[in-house]
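Shown next: protein_19.txt, given as compact mmCIF, C-alpha atoms and all ligand atoms.
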# COMPACT_ATOMS: atom_id res chain seq x y z
CA MET A 1326 -256.44 105.09 -117.74
CA GLN A 1327 -258.28 106.87 -120.52
CA ASN A 1328 -259.26 109.71 -118.24
CA ALA A 1329 -255.79 111.00 -117.54
CA THR A 1330 -256.40 114.18 -119.52
CA GLY A 1331 -257.91 116.01 -116.59
CA ASN A 1332 -261.14 117.07 -118.27
CA GLN A 1333 -263.35 116.67 -115.25
CA GLY A 1334 -266.97 117.50 -115.70
CA ASN A 1335 -267.08 116.22 -119.24
CA MET A 1336 -270.17 114.03 -119.27
CA ASP A 1337 -268.73 111.79 -121.93
CA ASP A 1338 -266.13 110.60 -119.47
CA ASP A 1339 -268.77 109.43 -117.03
CA LEU A 1340 -270.14 106.68 -119.23
CA PRO A 1341 -270.23 103.32 -117.49
CA PRO A 1342 -267.24 101.19 -118.38
CA LEU A 1343 -267.75 99.29 -121.58
CA ASN A 1344 -268.09 95.64 -120.78
CA ILE A 1345 -269.16 94.55 -124.21
CA THR A 1346 -266.51 92.42 -125.81
CA CYS A 1347 -266.07 90.85 -129.24
CA THR A 1348 -267.87 87.76 -128.00
CA SER A 1349 -270.84 89.41 -126.27
CA SER A 1350 -274.34 88.91 -127.62
CA LYS A 1351 -277.91 89.88 -126.80
CA CYS A 1352 -279.65 87.53 -129.15
CA GLY A 1353 -283.08 88.34 -127.72
CA SER A 1354 -282.63 91.89 -129.00
CA GLY A 1355 -281.37 90.75 -132.36
CA LEU A 1356 -277.72 91.45 -131.55
CA HIS A 1357 -275.44 88.51 -132.10
CA CYS A 1358 -271.83 87.47 -132.23
CA PHE A 1359 -270.40 85.95 -135.36
CA MET A 1360 -266.94 85.34 -134.00
CA GLN A 1361 -266.74 81.58 -134.15
CA LYS A 1362 -265.68 79.42 -131.27
CA GLN A 1363 -262.65 77.39 -132.23
CA GLN A 1364 -264.63 74.21 -132.81
CA GLN A 1365 -267.34 76.03 -134.76
CA GLY A 1366 -264.64 77.48 -136.97
CA LYS A 1367 -263.26 74.01 -137.60
CA ASN A 1368 -266.70 72.72 -138.48
CA ASN A 1369 -267.12 75.50 -141.04
CA GLU A 1370 -263.92 74.65 -142.86
CA THR A 1371 -264.39 73.59 -146.44
CA GLN A 1372 -262.28 73.81 -149.53
CA GLU A 1373 -263.87 77.11 -150.50
CA ASN A 1374 -263.67 78.36 -146.94
CA PRO A 1375 -260.34 77.14 -145.60
CA PHE A 1376 -260.36 79.36 -142.54
CA GLY A 1377 -263.78 78.29 -141.35
CA ARG A 1378 -264.83 81.91 -141.11
CA GLY A 1379 -268.26 83.27 -141.54
CA GLY A 1380 -270.68 81.25 -139.55
CA ARG A 1381 -273.82 81.56 -137.53
CA CYS A 1382 -274.15 83.40 -134.27
CA ARG A 1383 -271.96 81.60 -131.75
CA SER A 1384 -274.65 81.90 -129.08
CA CYS A 1385 -278.00 81.27 -130.76
CA GLY A 1386 -277.06 79.90 -134.16
CA ALA A 1387 -278.82 82.67 -136.14
CA ASP A 1388 -277.69 82.51 -139.75
CA LEU A 1389 -278.02 86.07 -140.99
CA VAL A 1390 -275.00 87.05 -142.99
CA GLU A 1391 -274.17 86.19 -146.59
CA TRP A 1392 -270.47 85.99 -145.91
CA ASP A 1393 -269.41 85.61 -149.50
CA ARG A 1394 -271.10 88.88 -150.24
CA VAL A 1395 -269.40 90.76 -147.39
CA CYS A 1396 -266.05 89.23 -148.33
CA GLN A 1397 -266.31 90.68 -151.84
CA ARG A 1398 -265.28 93.96 -150.20
CA ASP A 1399 -267.22 95.79 -152.88
CA ILE A 1400 -267.68 99.43 -151.94
CA SER A 1401 -270.80 99.69 -154.10
CA ASP A 1402 -272.39 97.04 -151.86
CA VAL A 1403 -271.27 98.67 -148.63
CA ALA A 1404 -274.84 99.28 -147.45
CA TYR A 1405 -275.26 95.52 -147.13
CA THR A 1406 -271.99 95.15 -145.22
CA PHE A 1407 -272.95 97.93 -142.82
CA GLU A 1408 -276.40 96.45 -142.29
CA MET A 1409 -274.86 93.08 -141.42
CA LEU A 1410 -272.21 94.59 -139.14
CA LYS A 1411 -274.99 96.13 -137.08
CA TYR A 1412 -276.36 92.66 -136.28
CA GLU A 1413 -273.27 92.03 -134.20
CA LEU A 1414 -273.55 93.43 -130.70
CA ILE A 1415 -270.07 94.91 -130.49
CA ARG A 1416 -270.45 96.66 -133.88
CA HIS A 1417 -273.95 97.87 -133.09
CA HIS A 1418 -272.61 99.42 -129.91
CA PHE A 1419 -269.99 101.41 -131.79
CA TRP A 1420 -272.43 102.49 -134.49
CA HIS A 1421 -274.64 104.05 -131.85
CA ILE A 1422 -272.54 105.16 -128.89
CA GLU A 1423 -271.92 108.88 -128.55
CA ILE A 1424 -268.45 109.80 -129.77
CA ASP A 1425 -266.49 111.42 -126.95
CA GLN A 1426 -265.83 115.12 -127.16
CA LYS A 1427 -262.10 114.80 -127.40
CA ALA A 1428 -262.49 112.58 -130.44
CA VAL A 1429 -265.02 114.97 -131.99
CA ASN A 1430 -262.72 117.93 -131.51
CA HIS A 1431 -259.81 116.07 -132.96
CA ALA A 1432 -261.89 115.22 -136.03
CA LEU A 1433 -263.09 118.81 -136.41
CA ARG A 1434 -259.54 120.07 -136.33
CA LYS A 1435 -258.41 117.57 -138.91
CA GLY A 1436 -261.37 117.92 -141.22
CA ARG A 1437 -262.47 115.20 -143.57
CA SER A 1438 -259.33 115.17 -145.66
CA GLY A 1439 -257.07 115.10 -142.61
CA MET A 1440 -259.12 112.28 -141.15
CA ARG A 1441 -258.85 110.30 -144.35
CA ALA A 1442 -255.06 110.51 -144.27
CA ALA A 1443 -255.02 109.66 -140.57
CA ALA A 1444 -257.38 106.72 -141.10
CA GLU A 1445 -255.22 105.20 -143.79
CA LYS A 1446 -252.14 105.61 -141.67
CA ARG A 1447 -253.86 104.14 -138.66
CA ILE A 1448 -255.19 101.10 -140.57
CA ARG A 1449 -251.77 100.45 -142.02
CA LYS A 1450 -250.06 100.77 -138.67
CA SER A 1451 -252.55 98.93 -136.48
CA VAL A 1452 -253.65 96.02 -138.68
CA GLY A 1453 -251.57 96.22 -141.87
CA ASP A 1454 -248.79 93.93 -140.73
CA ALA A 1455 -249.04 90.17 -140.99
CA THR A 1456 -248.92 89.78 -137.23
CA PRO A 1457 -249.50 93.08 -135.43
CA SER A 1458 -248.36 93.20 -131.83
CA TYR A 1459 -251.05 92.98 -129.19
CA ASP A 1460 -253.56 91.92 -131.80
CA GLY A 1461 -257.06 92.30 -130.41
CA ARG A 1462 -255.97 95.04 -128.04
CA GLN A 1463 -254.37 97.56 -130.39
CA THR A 1464 -257.47 99.70 -130.92
CA PRO A 1465 -258.59 101.82 -127.97
CA LYS A 1466 -262.28 102.44 -127.44
CA THR A 1467 -262.24 106.22 -127.03
CA GLY A 1468 -260.24 109.31 -127.88
CA ASN A 1469 -260.32 109.20 -131.68
CA ALA A 1470 -263.27 108.76 -134.05
CA ILE A 1471 -261.13 106.41 -136.12
CA PHE A 1472 -261.07 103.97 -133.20
CA TYR A 1473 -264.87 104.01 -133.01
CA ALA A 1474 -265.02 103.49 -136.75
CA GLN A 1475 -262.62 100.57 -136.62
CA HIS A 1476 -264.67 98.76 -134.00
CA ALA A 1477 -267.90 99.53 -135.86
CA THR A 1478 -266.55 98.23 -139.17
CA ALA A 1479 -264.62 95.24 -137.78
CA THR A 1480 -261.29 96.65 -138.89
CA CYS A 1481 -259.99 96.90 -135.31
CA CYS A 1482 -257.81 93.80 -135.25
CA ARG A 1483 -256.81 90.92 -137.47
CA LYS A 1484 -259.18 88.55 -135.71
CA CYS A 1485 -262.20 90.70 -136.58
CA ILE A 1486 -260.87 91.28 -140.10
CA GLU A 1487 -260.52 87.56 -140.60
CA GLU A 1488 -264.00 86.94 -139.28
CA TRP A 1489 -265.72 89.56 -141.36
CA TYR A 1490 -263.66 89.95 -144.49
CA GLY A 1491 -262.16 86.52 -144.89
CA ILE A 1492 -258.56 87.71 -144.82
CA SER A 1493 -256.52 85.27 -142.80
CA ARG A 1494 -254.13 86.38 -140.13
CA GLY A 1495 -250.45 86.05 -140.87
CA VAL A 1496 -250.43 87.87 -144.20
CA PRO A 1497 -249.92 91.61 -144.59
CA LEU A 1498 -252.92 93.57 -145.87
CA SER A 1499 -252.65 94.68 -149.49
CA ASP A 1500 -252.87 98.35 -150.45
CA GLU A 1501 -256.22 97.59 -152.03
CA VAL A 1502 -257.60 96.21 -148.77
CA ILE A 1503 -256.13 99.10 -146.80
CA SER A 1504 -257.89 101.60 -149.04
CA TYR A 1505 -261.15 99.67 -148.81
CA PHE A 1506 -260.94 99.72 -145.00
CA THR A 1507 -260.04 103.41 -145.08
CA GLU A 1508 -263.19 103.95 -147.10
CA LEU A 1509 -265.27 102.07 -144.52
CA VAL A 1510 -263.82 104.19 -141.74
CA MET A 1511 -264.56 107.39 -143.66
CA LEU A 1512 -268.14 106.33 -144.38
CA TYR A 1513 -268.61 105.76 -140.68
CA ILE A 1514 -267.09 109.15 -139.88
CA ASN A 1515 -269.23 110.90 -142.49
CA GLU A 1516 -272.34 109.30 -141.04
CA ARG A 1517 -271.51 109.90 -137.38
CA LEU A 1518 -269.86 113.32 -137.74
CA PRO A 1519 -271.71 115.03 -140.60
CA GLN A 1520 -270.61 118.41 -139.28
CA LEU A 1521 -267.01 117.86 -140.39
CA GLU A 1522 -265.67 120.29 -142.96
CA GLU A 1523 -263.45 119.10 -145.75
CA GLU A 1524 -260.53 121.05 -144.33
CA GLY A 1525 -259.75 121.24 -140.65
CA ALA A 1526 -261.19 124.02 -138.52
CA LYS A 1527 -259.86 125.72 -135.44
CA VAL A 1528 -261.70 124.34 -132.43
CA PRO A 1529 -260.77 126.38 -129.38
CA ARG A 1530 -263.86 125.27 -127.51
CA ILE A 1531 -266.96 123.17 -127.97
CA SER A 1532 -269.61 124.76 -130.15
CA SER A 1533 -271.99 121.91 -130.81
CA GLY A 1534 -274.89 123.75 -129.15
CA ARG A 1535 -276.72 120.63 -128.11
CA LYS A 1536 -274.70 120.01 -124.99
CA LYS A 1537 -273.01 123.33 -124.75
CA GLN A 1538 -273.47 123.79 -121.06
CA GLY A 1539 -270.85 122.25 -118.89
CA LYS A 1540 -268.57 121.39 -121.77
CA GLN A 1541 -264.99 122.37 -121.35
CA PRO A 1542 -262.30 122.44 -123.97
CA GLU A 1543 -260.29 119.28 -123.54
CA SER A 1544 -256.94 119.44 -121.90
CA SER A 1545 -254.04 120.45 -124.07
CA ALA A 1546 -251.90 117.71 -122.59
CA PRO A 1547 -251.83 114.93 -125.17
CA SER A 1548 -252.93 111.53 -123.97
CA LYS A 1549 -251.00 108.42 -124.83
CA ASN A 1550 -253.29 107.74 -127.76
CA GLU A 1551 -252.88 111.20 -129.09
CA THR A 1552 -249.15 110.89 -128.93
CA LEU A 1553 -249.39 107.70 -130.88
CA TRP A 1554 -252.03 108.45 -133.43
CA ASN A 1555 -253.29 111.98 -133.45
CA GLU A 1556 -250.60 113.51 -135.55
ZN ZN B 1601 -277.42 85.16 -131.55
ZN ZN B 1602 -261.25 93.40 -133.34
Show me the file's structure as structure tokens.
Amino acid sequence: MQNATGNQGNMDDDLPPLNITCTSSKCGSGLHCFMQKQQQGKNNETQENPFGRGGRCRSCGADLVEWDRVCQRDISDVAYTFEMLKYELIRHHFWHIEIDQKAVNHALRKGRSGMRAAAEKRIRKSVGDATPSYDGRQTPKTGNAIFYAQHATATCCRKCIEEWYGISRGVPLSDEVISYFTELVMLYINERLPQLEEEGAKVPRISSGRKKQGKQPESSAPSKNETLWNE
């Protein structure tokens, strides 16, 4: 489905299918899942924590995250938030997986400032509404660095946002929250794609050097995701 762009020979497309989900864990390797089972969520409910969010690992019970601290959404404390996100298997995966070439090229063309605008738009459109359609499935896993960033920062769907940032589903995100999430996405992009220029650059073909051989410029036919998001 994702590979309909015809760029055969691109090694990034040959990655094994991702079978990590929001509820996967590898506790033995220190990678957990903090998404609560329904009953666990109920058990967590208190007056100060009416949604029962923010618990221990659903598989092994590890109690690693100071949820109140993460839920402050304080950009000056973002290092802590990022450190905690990486204890969750699904986030860890997206912090470390290679970003596909199509997504890299798209980011290079946009540049940092173009990506910032696109990130804000994407956050608003995908998770800004009180009840986004297809919640939990609205963020693809490849094709745009913003998607990687959203999974890595738990801003991919309202379920993950509720779990990590204590914002319950069913209410629209405020402008303040949207700009905080945009900031998280940009910090991810800055870290993962340090080669981005502030302004977009022409990218007729791959010039990363490291994996130059065998790389082809991606197809000019826009994929479905591009049509939707890569404006
Ligand atoms: Zn665990
Ligand atoms: Zn999610």
For this session: Could you give me the residues within 8 Å of ligand ZN 1601 (chain B), counting only C-alpha atoms and all ligand atoms, as an NGL selection string?
Result: :A and (1350-1353 or 1355-1358 or 1381-1387)
Problem set entry | Close residues, segment 1404-1413 of chain A itself excluded, 12 Å, all atoms listed in the file, min 3 positions apart in chain, as a PyMOL selection string | chain A and resi 1345-1360+1379+1381-1384+1387-1401+1416-1421+1474-1480+1485-1486+1488-1490+1506+1509-1510+1512-1513+1516
Problem set entry | Distance of atom CA of Gly1380 of chain A from atom CA of Ala1470 of chain A, expressed in Å to one decimal place | 29.0 Å
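Using all atoms listed in the file for every distance, the candidate list A:Glu1487, A:Asp1402, A:Asp1425, A:Glu1445 yields A:Glu1487 as the residue closest to ligand ZN 1602 (chain B).
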For this session: Go through A:Glu1508, A:Ile1424, A:Cys1482, A:Pro1529 and flag the residue nearest Ala1442 of chain A, using all atoms listed in the file for the distances.
Result: A:Glu1508
Exercise. By how many Å are atom CA of Arg1517 of chain A and atom CA of Arg1462 of chain A apart?
Worked result: 23.4 Å
For this session: Would you work out the distance separating atom CA of Val1528 of chain A from atom CA of Ser1504 of chain A, expressed in Å to one decimal?
Result: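 These atoms are spaced 28.4 Å apart.
Closest approach to ligand ZN 1602 (chain B) from the set A:Arg1483, A:Lys1362, A:Arg1434, A:Lys1446 is made by A:Arg1483, with distances taken over all atoms listed in the file.
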For this session: Could you tell me which of A:Asn1344, A:Ser1499, A:Thr1464, A:Thr1456 comes closest to ligand ZN 1602 (chain B) if we count all atoms listed in the file?
Result: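 When distances to ligand ZN 1602 (chain B) are compared using all atoms listed in the file, the smallest one comes from A:Thr1464.
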Exercise. Pick the closest to ligand ZN 1602 (chain B) from A:Ile1415, A:Ala1432, A:Ala1444, A:Ile1514: which is it, counting all atoms listed in the file?
Worked result: A:Ile1415
Problem set entry | Residue contacts of segment 1436-1441 of chain A (6 Å, all atoms listed in the file) excluding same-chain residues fewer than 6 positions away, as a ChimeraX atom specification | /A:1521-1525
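Across A:Pro1497, A:Gly1468, A:Gly1491, A:Pro1519, the tightest approach to Asp1454 of chain A is made by A:Pro1497 when counting only C-alpha atoms.
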